[in-house]
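Participant: Next comes run_14.txt, compact mmCIF, C-alpha atoms:
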```txt
# COMPACT_ATOMS: atom_id res chain seq x y z
CA MET A 1 -5.06 -52.73 -32.72
CA ARG A 2 -3.45 -49.57 -34.09
CA ARG A 3 -6.72 -47.77 -34.12
CA GLY A 4 -7.24 -48.78 -30.50
CA ALA A 5 -3.89 -47.27 -29.52
CA CYS A 6 -4.75 -44.05 -31.32
CA PHE A 7 -8.03 -43.90 -29.49
CA LEU A 8 -6.34 -44.42 -26.13
CA LEU A 9 -3.76 -41.73 -26.92
CA GLY A 10 -6.53 -39.35 -27.92
CA LEU A 11 -8.36 -40.11 -24.70
CA ALA A 12 -5.22 -39.46 -22.68
CA LEU A 13 -4.68 -36.09 -24.42
CA LEU A 14 -8.29 -35.18 -23.78
CA ALA A 15 -7.87 -36.04 -20.12
CA THR A 16 -4.79 -33.81 -19.69
CA GLU A 17 -6.68 -31.02 -21.44
CA ALA A 18 -9.53 -31.38 -18.97
CA VAL A 19 -7.16 -31.37 -15.99
CA ALA A 20 -5.37 -28.29 -17.30
CA SER A 21 -8.57 -26.33 -17.70
CA GLU A 22 -9.72 -27.39 -14.24
CA ALA A 23 -6.53 -26.11 -12.63
CA ARG A 24 -7.09 -22.62 -14.04
CA PRO A 25 -10.79 -21.84 -13.70
CA ASN A 26 -10.38 -18.17 -14.62
CA ALA A 27 -8.41 -18.69 -17.79
CA ASP A 28 -11.44 -18.96 -20.04
CA ASP A 29 -10.01 -16.02 -21.96
CA PRO A 30 -6.21 -16.45 -22.23
CA LEU A 31 -5.77 -13.06 -23.93
CA LEU A 32 -7.52 -11.24 -21.12
CA GLU A 33 -5.62 -13.28 -18.56
CA ALA A 34 -2.29 -12.34 -20.17
CA ARG A 35 -3.32 -8.68 -20.18
CA LEU A 36 -4.37 -8.93 -16.53
CA MET A 37 -1.08 -10.48 -15.46
CA GLY A 38 0.93 -7.96 -17.47
CA LEU A 39 -0.83 -5.07 -15.78
CA ALA A 40 -0.83 -6.69 -12.34
CA ALA A 41 2.96 -7.15 -12.46
CA ASP A 42 3.26 -3.35 -12.25
CA LEU A 43 0.79 -3.09 -9.36
CA ARG A 44 1.62 -3.63 -5.73
CA CYS A 45 -0.25 -6.09 -3.58
CA VAL A 46 -1.40 -3.76 -0.80
CA VAL A 47 -1.32 -6.33 2.01
CA CYS A 48 1.95 -8.11 1.31
CA GLN A 49 5.47 -6.77 1.43
CA ASN A 50 7.31 -6.54 -1.86
CA GLU A 51 4.96 -8.67 -3.91
CA SER A 52 3.12 -7.62 -7.02
CA LEU A 53 -0.58 -8.12 -7.55
CA ALA A 54 0.28 -10.74 -10.16
CA GLU A 55 2.43 -12.85 -7.83
CA SER A 56 0.46 -12.69 -4.61
CA ARG A 57 -1.85 -15.38 -3.31
CA ALA A 58 -3.26 -13.20 -0.53
CA PRO A 59 -7.08 -13.23 -0.43
CA LEU A 60 -7.26 -9.51 -1.09
CA ALA A 61 -4.97 -9.88 -4.12
CA LEU A 62 -7.24 -12.63 -5.47
CA ASP A 63 -10.24 -10.33 -4.97
CA LEU A 64 -8.50 -7.42 -6.67
CA ARG A 65 -7.43 -9.58 -9.61
CA GLU A 66 -11.04 -10.70 -9.97
CA GLU A 67 -12.11 -7.06 -9.83
CA VAL A 68 -9.58 -6.08 -12.52
CA ARG A 69 -10.65 -9.07 -14.63
CA GLU A 70 -14.25 -7.89 -14.38
CA LEU A 71 -13.30 -4.32 -15.36
CA MET A 72 -11.37 -5.63 -18.36
CA ARG A 73 -14.34 -7.75 -19.40
CA GLN A 74 -16.42 -4.57 -19.29
CA GLY A 75 -13.99 -3.12 -21.83
CA LYS A 76 -12.05 -0.80 -19.53
CA THR A 77 -8.60 0.22 -20.81
CA ASP A 78 -5.44 -0.31 -18.73
CA PRO A 79 -5.22 3.38 -17.65
CA GLU A 80 -8.88 3.22 -16.57
CA VAL A 81 -8.19 0.11 -14.48
CA VAL A 82 -5.15 1.75 -12.90
CA GLU A 83 -7.24 4.85 -12.13
CA TYR A 84 -9.91 2.66 -10.52
CA LEU A 85 -7.31 1.16 -8.19
CA THR A 86 -5.46 4.39 -7.35
CA LEU A 87 -8.77 6.05 -6.46
CA ARG A 88 -9.23 3.39 -3.79
CA TYR A 89 -5.73 2.49 -2.65
CA GLY A 90 -3.74 5.57 -3.66
CA ASP A 91 -0.45 5.76 -5.54
CA PHE A 92 0.77 3.07 -3.14
CA VAL A 93 -0.53 0.41 -5.54
CA LEU A 94 1.69 1.64 -8.36
CA TYR A 95 5.17 0.25 -8.76
CA ARG A 96 5.82 3.14 -11.17
CA PRO A 97 4.72 6.18 -9.18
CA PRO A 98 3.51 9.19 -11.19
CA PHE A 99 5.70 12.28 -11.65
CA LYS A 100 4.23 14.95 -9.37
CA PRO A 101 5.44 17.36 -6.63
CA GLU A 102 5.53 14.68 -3.92
CA THR A 103 7.63 12.38 -6.07
CA TYR A 104 10.02 14.96 -7.62
CA LEU A 105 12.76 13.94 -5.18
CA LEU A 106 12.15 10.27 -5.94
CA TRP A 107 12.41 10.70 -9.69
CA LEU A 108 15.02 13.45 -9.81
CA GLY A 109 17.06 12.36 -6.78
CA PRO A 110 19.44 10.05 -8.69
CA ALA A 111 20.14 12.77 -11.31
CA LEU A 112 20.65 15.27 -8.50
CA PHE A 113 23.20 13.04 -6.77
CA LEU A 114 24.95 12.40 -10.09
CA ALA A 115 25.17 16.17 -10.63
CA ILE A 116 26.61 16.68 -7.13
CA GLY A 117 29.17 13.94 -7.81
CA ALA A 118 30.10 15.44 -11.20
CA LEU A 119 30.50 18.88 -9.62
CA ALA A 120 32.73 17.51 -6.85
CA TRP A 121 34.83 15.66 -9.43
CA ALA A 122 35.15 18.77 -11.60
CA ILE A 123 36.24 20.91 -8.66
CA ALA A 124 38.75 18.32 -7.49
CA THR A 125 40.40 17.88 -10.90
CA ARG A 126 40.58 21.60 -11.52
CA ARG A 127 42.21 22.15 -8.14
CA ARG A 128 44.80 19.50 -8.97
CA ARG A 129 45.59 21.18 -12.28
CA GLU A 130 46.06 24.51 -10.54
CA LEU A 131 48.62 23.20 -8.07
CA PRO A 132 51.41 25.77 -7.56
CA ALA A 133 54.40 25.24 -9.83
CA THR A 134 56.73 24.82 -6.83
CA ASP A 135 55.01 21.52 -6.04
CA ARG A 136 55.90 20.14 -9.43
CA LEU A 137 59.15 18.37 -10.22
CA ASP A 138 61.37 20.08 -12.71
CA ALA A 139 64.24 18.48 -14.66
CA GLU A 140 66.72 19.19 -11.86
CA ASP A 141 64.55 17.40 -9.23
CA LEU A 142 64.16 14.41 -11.47
CA ARG A 143 67.89 14.17 -12.03
CA LYS A 144 68.50 14.27 -8.25
CA ALA A 145 65.88 11.62 -7.66
CA ALA A 146 67.40 9.34 -10.28
CA GLU A 147 70.80 9.79 -8.66
CA LEU A 148 69.46 8.85 -5.24
CA LEU A 149 67.81 5.76 -6.63
CA ARG A 150 71.03 4.74 -8.31
CA ASP A 151 72.92 5.08 -5.02
CA GLU A 152 70.32 2.97 -3.34
CA SER A 153 70.59 0.09 -5.78
CA LYS A 154 74.38 -0.18 -5.39
CA MET B 1 35.47 23.42 7.40
CA LYS B 2 36.17 21.13 4.45
CA ARG B 3 37.06 18.29 6.74
CA TRP B 4 33.63 18.47 8.41
CA LEU B 5 31.71 18.14 5.17
CA PRO B 6 31.65 14.30 4.96
CA PHE B 7 30.73 14.14 8.63
CA ALA B 8 27.85 16.58 8.07
CA ALA B 9 26.64 14.50 5.12
CA PHE B 10 26.83 11.40 7.30
CA CYS B 11 24.72 13.11 9.99
CA VAL B 12 22.06 14.03 7.43
CA LEU B 13 21.94 10.39 6.31
CA LEU B 14 21.67 9.33 9.95
CA VAL B 15 18.63 11.57 10.46
CA PHE B 16 16.90 10.03 7.42
CA LEU B 17 17.60 6.49 8.61
CA TYR B 18 16.49 7.32 12.16
CA VAL B 19 13.16 8.72 10.97
CA GLY B 20 12.71 5.71 8.70
CA LEU B 21 13.13 3.43 11.69
CA PHE B 22 9.80 4.56 13.14
CA ARG B 23 7.72 4.47 9.99
CA ASP B 24 5.38 1.58 9.39
CA PRO B 25 5.95 0.25 5.87
CA ARG B 26 2.62 -1.55 6.06
CA GLU B 27 0.62 1.61 6.57
CA VAL B 28 -1.20 2.40 3.36
CA PRO B 29 -2.07 6.08 3.17
CA SER B 30 -5.76 6.38 2.38
CA PRO B 31 -6.67 8.53 -0.60
CA PHE B 32 -10.17 8.98 0.84
CA ILE B 33 -9.37 11.54 3.53
CA GLY B 34 -11.36 14.68 2.73
CA ARG B 35 -13.40 12.93 0.05
CA PRO B 36 -17.09 11.91 0.20
CA ALA B 37 -17.72 8.41 1.53
CA PRO B 38 -18.28 5.98 -1.38
CA ALA B 39 -21.97 5.19 -1.76
CA PHE B 40 -23.40 1.70 -1.38
CA VAL B 41 -26.63 -0.08 -0.62
CA LEU B 42 -26.28 -3.29 1.39
CA PRO B 43 -28.60 -5.56 3.37
CA VAL B 44 -28.67 -5.01 7.14
CA VAL B 45 -27.43 -7.98 9.18
CA GLU B 46 -29.68 -7.30 12.17
CA ARG B 47 -32.86 -6.62 10.20
CA PRO B 48 -33.30 -8.98 7.26
CA GLY B 49 -35.06 -7.31 4.36
CA ASN B 50 -33.74 -3.81 5.22
CA THR B 51 -30.91 -2.04 3.48
CA PHE B 52 -28.38 0.55 4.61
CA SER B 53 -26.56 3.24 2.67
CA PRO B 54 -24.16 5.85 4.13
CA GLU B 55 -26.54 8.79 3.46
CA GLN B 56 -28.81 7.39 6.18
CA ALA B 57 -26.14 8.13 8.80
CA ARG B 58 -25.80 11.81 7.88
CA GLY B 59 -26.49 14.55 10.38
CA ARG B 60 -23.68 13.89 12.83
CA SER B 61 -20.25 12.32 12.68
CA TRP B 62 -20.12 8.54 12.84
CA LEU B 63 -17.75 5.62 12.63
CA LEU B 64 -17.72 2.82 10.10
CA ASN B 65 -15.96 -0.17 11.60
CA VAL B 66 -14.97 -2.81 9.04
CA TRP B 67 -14.82 -6.20 10.72
CA ALA B 68 -15.47 -9.90 10.15
CA PRO B 69 -16.56 -12.76 12.41
CA TRP B 70 -13.51 -14.81 11.33
CA CYS B 71 -11.10 -12.08 12.43
CA THR B 72 -9.73 -12.71 15.91
CA THR B 73 -8.29 -9.20 16.29
CA CYS B 74 -11.78 -7.87 15.67
CA GLN B 75 -13.07 -9.90 18.60
CA LYS B 76 -10.61 -8.18 20.92
CA GLU B 77 -11.58 -4.83 19.46
CA HIS B 78 -15.24 -5.72 19.91
CA LEU B 79 -14.91 -5.40 23.70
CA PHE B 80 -13.60 -1.88 23.36
CA LEU B 81 -16.24 -0.94 20.78
CA MET B 82 -18.86 -1.86 23.38
CA GLN B 83 -17.38 0.89 25.59
CA VAL B 84 -17.31 3.35 22.70
CA ALA B 85 -20.94 2.67 21.85
CA ALA B 86 -21.86 3.20 25.50
CA THR B 87 -20.55 6.78 25.28
CA GLY B 88 -23.08 7.50 22.54
CA VAL B 89 -20.82 7.66 19.48
CA PRO B 90 -22.69 6.04 16.57
CA VAL B 91 -20.70 3.05 15.35
CA TYR B 92 -21.87 1.37 12.17
CA GLY B 93 -20.41 -1.95 11.13
CA LEU B 94 -19.38 -3.23 7.75
CA ASN B 95 -19.47 -7.01 8.04
CA TRP B 96 -16.78 -7.84 5.51
CA LYS B 97 -16.67 -11.15 3.61
CA ASP B 98 -18.73 -13.10 6.10
CA GLN B 99 -19.09 -16.14 3.85
CA ASP B 100 -20.13 -18.40 6.72
CA ARG B 101 -22.96 -16.07 7.82
CA GLU B 102 -21.83 -15.96 11.44
CA ALA B 103 -22.20 -12.25 12.24
CA ALA B 104 -25.78 -12.22 13.51
CA ALA B 105 -25.27 -15.16 15.89
CA MET B 106 -21.98 -13.77 17.10
CA LEU B 107 -23.41 -10.33 17.87
CA ALA B 108 -26.30 -11.95 19.72
CA ARG B 109 -23.80 -13.90 21.81
CA MET B 110 -21.17 -11.21 22.46
CA GLY B 111 -23.30 -8.10 22.51
CA ASN B 112 -23.87 -5.63 19.70
CA PRO B 113 -22.09 -2.26 19.84
CA TYR B 114 -23.27 -1.32 16.34
CA VAL B 115 -26.18 0.86 15.32
CA LEU B 116 -26.44 -1.69 12.54
CA ASN B 117 -24.22 -3.81 10.32
CA ALA B 118 -24.08 -3.63 6.54
CA ASP B 119 -23.57 -7.05 5.03
CA ASP B 120 -20.70 -6.92 2.50
CA ARG B 121 -20.69 -10.60 1.73
CA ASP B 122 -18.42 -10.60 -1.34
CA GLY B 123 -16.21 -7.73 -0.15
CA ARG B 124 -16.93 -5.47 -3.14
CA VAL B 125 -17.93 -2.50 -0.99
CA GLY B 126 -14.75 -3.06 1.03
CA ILE B 127 -12.73 -2.67 -2.19
CA ASP B 128 -14.65 0.54 -2.98
CA TRP B 129 -13.60 1.88 0.40
CA GLY B 130 -9.99 0.81 -0.10
CA VAL B 131 -10.14 -1.74 2.69
CA THR B 132 -6.94 -3.79 2.91
CA GLY B 133 -7.80 -5.90 5.94
CA VAL B 134 -9.87 -6.05 9.10
CA PRO B 135 -10.32 -4.30 11.41
CA GLU B 136 -10.33 -0.84 9.90
CA THR B 137 -12.28 2.16 11.10
CA PHE B 138 -13.34 5.26 9.19
CA VAL B 139 -14.50 8.52 10.76
CA ILE B 140 -17.16 10.20 8.62
CA ASP B 141 -18.43 13.69 9.40
CA ALA B 142 -22.02 15.00 9.40
CA GLU B 143 -21.77 15.92 5.70
CA GLY B 144 -20.60 12.46 4.69
CA ILE B 145 -16.92 13.34 4.20
CA ILE B 146 -14.31 10.79 5.34
CA ARG B 147 -12.07 12.49 7.90
CA MET B 148 -9.83 9.69 9.10
CA LYS B 149 -9.01 6.06 8.59
CA HIS B 150 -7.44 3.85 11.20
CA SER B 151 -6.04 0.46 10.21
CA GLY B 152 -5.87 -2.17 12.91
CA PRO B 153 -7.80 -2.53 16.17
CA ILE B 154 -8.81 0.45 18.28
CA ASN B 155 -7.83 0.36 21.92
CA GLU B 156 -8.11 2.94 24.68
CA ARG B 157 -4.75 4.58 23.91
CA ILE B 158 -5.48 4.94 20.19
CA TRP B 159 -9.04 6.05 20.89
CA LYS B 160 -7.90 8.86 23.17
CA ARG B 161 -5.08 9.95 20.91
CA LYS B 162 -6.66 9.73 17.45
CA PHE B 163 -10.43 9.59 17.76
CA VAL B 164 -11.50 11.70 20.73
CA PRO B 165 -9.87 14.98 19.56
CA LEU B 166 -11.18 14.54 16.01
CA LEU B 167 -14.75 13.67 17.03
CA HIS B 168 -14.71 16.56 19.49
CA ALA B 169 -13.61 18.98 16.76
CA LEU B 170 -16.19 17.63 14.28
CA ASP B 171 -19.14 17.78 16.64
CA SER B 172 -18.50 21.22 18.15
```
Would you give me this structure, written as structure tokens?
Facilitator:
Amino acid sequence: MRRGACFLLGLALLATEAVASEARPNADDPLLEARLMGLAADLRCVVCQNESLAESRAPLALDLREEVRELMRQGKTDPEVVEYLTLRYGDFVLYRPPFKPETYLLWLGPALFLAIGALAWAIATRRRRELPATDRLDAEDLRKAAELLRDESK
Amino acid sequence: MKRWLPFAAFCVLLVFLYVGLFRDPREVPSPFIGRPAPAFVLPVVERPGNTFSPEQARGRSWLLNVWAPWCTTCQKEHLFLMQVAATGVPVYGLNWKDQDREAAAMLARMGNPYVLNADDRDGRVGIDWGVTGVPETFVIDAEGIIRMKHSGPINERIWKRKFVPLLHALDS
């Protein structure tokens, strides 16, 4: 009886295993698949808006994933795969665009704006410090002010 | 002067946003412009047993129209391509991912504007050419250099604006 239950349990486990492998026909090499998905997360699906190559179910994305899988099977390194894709689809496929003259503004823009902000802040604070002495309150002014306030509260 | 500075900055921002309004975020700039057309050898749809490769089209500028029988936009474009072919411009077809093998029958039924069609059944050549969807049309010069890529269907307006001046410049 017990042996029968064990057998049934084993059969059930085997069945789920079979179903799982059927659902993912391309996952015959989980390591390669993980590498593919890791790389594809940084690549843009060229036909869909704001979706990575890893996420997309567009036919072209499926084709490109298959292409990348094939290149990886051939032993191509990640930079080689990225080069293969940029040769065909341009830097547009990269979610991390390279640092080159066309992208200087993109990469350096935030630092540039921070510098402008820092400069503006520096100028403003210095100007405040250099306010003419007549604008400042001396002891006499403060005494008068305190007097006025006292009158008010009566 | 100082009071105008934020307003000036705002105007600059406005110009950037205004320009951005008319840019198509779906347009993928092709890295192929000015580069040799990627080589391939594919079976010819119209003549079983024959193959076509881009070198065979050298000698004058030509068009490579990427299309598919399952693409409805391509069917609309097909009518205009018939007119283009009638003017004598060589139009070659790349029959992209025609899994159901419908191209030959369809061309027989609707008329064939193409010099010939290369049969890219699994779409691998399309990937080599950076094709993102159909229809797409490449202009290749007499030396086999890609000069222009147009994504989406060609109509009379686009033809006159983008293709005619380029083809005229290439062939004169």
Participant: Kindly assemble as a tab-separated table a list of the chain A residues that lie within 6 Å of chain B, each paired with its nearest atom pair and their distance in Å to one decimal, using only C-alpha atoms, sorted first by chain and then by ascending residue number.
Facilitator:
```
residue	atom	partner	partner_atom	distance
A:Arg88	CA	B:Gly130	CA	4.6
A:Tyr89	CA	B:Gly130	CA	5.2
A:Gly90	CA	B:Pro31	CA	5.2
```
Participant: When you draw a straight line from atom CA of Arg96 of chain A to atom CA of Phe16 of chain B, how long is it in Å?
Facilitator: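 Taking atom CA of Arg96 of chain A as the start and atom CA of Phe16 of chain B as the end point, the length is 22.7 Å.
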Participant: How many Å lie between atom CA of Val115 of chain B and atom CA of Asp63 of chain A, rounded to one decimal?
Facilitator: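 Result for atom CA of Val115 of chain B versus atom CA of Asp63 of chain A: 28.1 Å, one decimal.
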Participant: Tell me, as a PDB file with C-alpha atoms, keeping the file's coordinate frame, which residues lie within 12 Å of Glu67 of chain A, counting all atoms listed in the file; anything in the same chain fewer than 2 positions away does not count.
Facilitator:
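The resulting out15.pdb:
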```pdb
ATOM      1  CA  LEU A  36      -4.370  -8.930 -16.530  1.00  0.00           C
ATOM      2  CA  ALA A  40      -0.830  -6.690 -12.340  1.00  0.00           C
ATOM      3  CA  LEU A  53      -0.580  -8.120  -7.550  1.00  0.00           C
ATOM      4  CA  LEU A  60      -7.260  -9.510  -1.090  1.00  0.00           C
ATOM      5  CA  ALA A  61      -4.970  -9.880  -4.120  1.00  0.00           C
ATOM      6  CA  LEU A  62      -7.240 -12.630  -5.470  1.00  0.00           C
ATOM      7  CA  ASP A  63     -10.240 -10.330  -4.970  1.00  0.00           C
ATOM      8  CA  LEU A  64      -8.500  -7.420  -6.670  1.00  0.00           C
ATOM      9  CA  ARG A  65      -7.430  -9.580  -9.610  1.00  0.00           C
ATOM     10  CA  ARG A  69     -10.650  -9.070 -14.630  1.00  0.00           C
ATOM     11  CA  GLU A  70     -14.250  -7.890 -14.380  1.00  0.00           C
ATOM     12  CA  LEU A  71     -13.300  -4.320 -15.360  1.00  0.00           C
ATOM     13  CA  MET A  72     -11.370  -5.630 -18.360  1.00  0.00           C
ATOM     14  CA  ARG A  73     -14.340  -7.750 -19.400  1.00  0.00           C
ATOM     15  CA  GLN A  74     -16.420  -4.570 -19.290  1.00  0.00           C
ATOM     16  CA  LYS A  76     -12.050  -0.800 -19.530  1.00  0.00           C
ATOM     17  CA  VAL A  81      -8.190   0.110 -14.480  1.00  0.00           C
ATOM     18  CA  VAL A  82      -5.150   1.750 -12.900  1.00  0.00           C
ATOM     19  CA  TYR A  84      -9.910   2.660 -10.520  1.00  0.00           C
ATOM     20  CA  LEU A  85      -7.310   1.160  -8.190  1.00  0.00           C
TER      21      LEU A  85
ATOM     22  CA  ASP B 122     -18.420 -10.600  -1.340  1.00  0.00           C
ATOM     23  CA  GLY B 123     -16.210  -7.730  -0.150  1.00  0.00           C
ATOM     24  CA  ARG B 124     -16.930  -5.470  -3.140  1.00  0.00           C
ATOM     25  CA  VAL B 125     -17.930  -2.500  -0.990  1.00  0.00           C
ATOM     26  CA  GLY B 126     -14.750  -3.060   1.030  1.00  0.00           C
ATOM     27  CA  ILE B 127     -12.730  -2.670  -2.190  1.00  0.00           C
ATOM     28  CA  ASP B 128     -14.650   0.540  -2.980  1.00  0.00           C
TER      29      ASP B 128
END
```
Participant: Report as a list of chain:residue names all protein, DNA and RNA residues lying within 9 Å of segment 60-65 of chain B, evaluated on only C-alpha atoms, omitting residues in the same chain fewer than 6 positions from it.
Facilitator: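 The residues satisfying every condition are B:Val89, B:Pro90, B:Val91, B:Tyr92, B:Gly93, B:Leu94, B:Asn95, B:Tyr114, B:Val134, B:Pro135, B:Glu136, B:Thr137, B:Phe138, B:Val139, B:Ile140, B:Asp141, B:Ala142, B:Glu143, B:Gly144, B:Leu167, B:Leu170, B:Asp171.
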Participant: Could you add all heavy atoms to segment 135-144 of chain B and give me the result as a PDB file, in the frame of the given file?
Facilitator:
```pdb
ATOM      1  N   PRO B 135      -9.339  -5.402  11.429  1.00  0.00           N
ATOM      2  CA  PRO B 135     -10.320  -4.300  11.410  1.00  0.00           C
ATOM      3  C   PRO B 135      -9.747  -2.993  10.863  1.00  0.00           C
ATOM      4  O   PRO B 135      -8.555  -2.765  10.941  1.00  0.00           O
ATOM      5  CB  PRO B 135     -10.643  -4.140  12.892  1.00  0.00           C
ATOM      6  CG  PRO B 135      -9.384  -4.547  13.594  1.00  0.00           C
ATOM      7  CD  PRO B 135      -8.749  -5.618  12.749  1.00  0.00           C
ATOM      8  N   GLU B 136     -10.659  -2.198  10.329  1.00  0.00           N
ATOM      9  CA  GLU B 136     -10.330  -0.840   9.900  1.00  0.00           C
ATOM     10  C   GLU B 136     -11.500   0.038  10.298  1.00  0.00           C
ATOM     11  O   GLU B 136     -12.642  -0.427  10.284  1.00  0.00           O
ATOM     12  CB  GLU B 136     -10.168  -0.784   8.367  1.00  0.00           C
ATOM     13  CG  GLU B 136      -8.749  -1.041   7.907  1.00  0.00           C
ATOM     14  CD  GLU B 136      -8.591  -0.928   6.389  1.00  0.00           C
ATOM     15  OE1 GLU B 136      -9.434  -0.288   5.738  1.00  0.00           O
ATOM     16  OE2 GLU B 136      -7.623  -1.491   5.884  1.00  0.00           O
ATOM     17  N   THR B 137     -11.207   1.276  10.670  1.00  0.00           N
ATOM     18  CA  THR B 137     -12.280   2.160  11.100  1.00  0.00           C
ATOM     19  C   THR B 137     -12.171   3.517  10.410  1.00  0.00           C
ATOM     20  O   THR B 137     -11.098   4.116  10.391  1.00  0.00           O
ATOM     21  CB  THR B 137     -12.254   2.348  12.628  1.00  0.00           C
ATOM     22  OG1 THR B 137     -12.282   1.063  13.249  1.00  0.00           O
ATOM     23  CG2 THR B 137     -13.447   3.156  13.088  1.00  0.00           C
ATOM     24  N   PHE B 138     -13.285   3.952   9.834  1.00  0.00           N
ATOM     25  CA  PHE B 138     -13.340   5.260   9.190  1.00  0.00           C
ATOM     26  C   PHE B 138     -14.128   6.217  10.081  1.00  0.00           C
ATOM     27  O   PHE B 138     -15.093   5.806  10.731  1.00  0.00           O
ATOM     28  CB  PHE B 138     -14.075   5.166   7.842  1.00  0.00           C
ATOM     29  CG  PHE B 138     -13.345   4.351   6.808  1.00  0.00           C
ATOM     30  CD1 PHE B 138     -13.496   2.966   6.756  1.00  0.00           C
ATOM     31  CD2 PHE B 138     -12.522   4.968   5.876  1.00  0.00           C
ATOM     32  CE1 PHE B 138     -12.833   2.218   5.795  1.00  0.00           C
ATOM     33  CE2 PHE B 138     -11.858   4.225   4.909  1.00  0.00           C
ATOM     34  CZ  PHE B 138     -12.012   2.850   4.866  1.00  0.00           C
ATOM     35  N   VAL B 139     -13.710   7.481  10.101  1.00  0.00           N
ATOM     36  CA  VAL B 139     -14.500   8.520  10.760  1.00  0.00           C
ATOM     37  C   VAL B 139     -15.111   9.368   9.654  1.00  0.00           C
ATOM     38  O   VAL B 139     -14.396   9.896   8.794  1.00  0.00           O
ATOM     39  CB  VAL B 139     -13.625   9.407  11.672  1.00  0.00           C
ATOM     40  CG1 VAL B 139     -14.461  10.519  12.286  1.00  0.00           C
ATOM     41  CG2 VAL B 139     -12.972   8.563  12.752  1.00  0.00           C
ATOM     42  N   ILE B 140     -16.442   9.444   9.654  1.00  0.00           N
ATOM     43  CA  ILE B 140     -17.160  10.200   8.620  1.00  0.00           C
ATOM     44  C   ILE B 140     -17.903  11.341   9.306  1.00  0.00           C
ATOM     45  O   ILE B 140     -18.542  11.136  10.337  1.00  0.00           O
ATOM     46  CB  ILE B 140     -18.150   9.283   7.862  1.00  0.00           C
ATOM     47  CG1 ILE B 140     -17.356   8.174   7.153  1.00  0.00           C
ATOM     48  CG2 ILE B 140     -18.941  10.068   6.829  1.00  0.00           C
ATOM     49  CD1 ILE B 140     -17.684   6.800   7.635  1.00  0.00           C
ATOM     50  N   ASP B 141     -17.799  12.548   8.737  1.00  0.00           N
ATOM     51  CA  ASP B 141     -18.430  13.690   9.400  1.00  0.00           C
ATOM     52  C   ASP B 141     -19.907  13.812   9.021  1.00  0.00           C
ATOM     53  O   ASP B 141     -20.431  13.010   8.232  1.00  0.00           O
ATOM     54  CB  ASP B 141     -17.641  14.986   9.125  1.00  0.00           C
ATOM     55  CG  ASP B 141     -17.779  15.463   7.684  1.00  0.00           C
ATOM     56  OD1 ASP B 141     -18.641  14.927   6.955  1.00  0.00           O
ATOM     57  OD2 ASP B 141     -17.011  16.364   7.299  1.00  0.00           O
ATOM     58  N   ALA B 142     -20.568  14.841   9.581  1.00  0.00           N
ATOM     59  CA  ALA B 142     -22.020  15.000   9.400  1.00  0.00           C
ATOM     60  C   ALA B 142     -22.412  15.177   7.944  1.00  0.00           C
ATOM     61  O   ALA B 142     -23.530  14.865   7.540  1.00  0.00           O
ATOM     62  CB  ALA B 142     -22.511  16.178  10.240  1.00  0.00           C
ATOM     63  N   GLU B 143     -21.470  15.693   7.122  1.00  0.00           N
ATOM     64  CA  GLU B 143     -21.770  15.920   5.700  1.00  0.00           C
ATOM     65  C   GLU B 143     -21.409  14.706   4.836  1.00  0.00           C
ATOM     66  O   GLU B 143     -21.530  14.759   3.616  1.00  0.00           O
ATOM     67  CB  GLU B 143     -21.031  17.156   5.178  1.00  0.00           C
ATOM     68  CG  GLU B 143     -21.734  18.474   5.486  1.00  0.00           C
ATOM     69  CD  GLU B 143     -21.543  18.907   6.930  1.00  0.00           C
ATOM     70  OE1 GLU B 143     -20.382  18.904   7.375  1.00  0.00           O
ATOM     71  OE2 GLU B 143     -22.538  19.194   7.605  1.00  0.00           O
ATOM     72  N   GLY B 144     -20.932  13.654   5.456  1.00  0.00           N
ATOM     73  CA  GLY B 144     -20.600  12.460   4.690  1.00  0.00           C
ATOM     74  C   GLY B 144     -19.202  12.459   4.114  1.00  0.00           C
ATOM     75  O   GLY B 144     -18.915  11.723   3.163  1.00  0.00           O
TER      76      GLY B 144
END
```
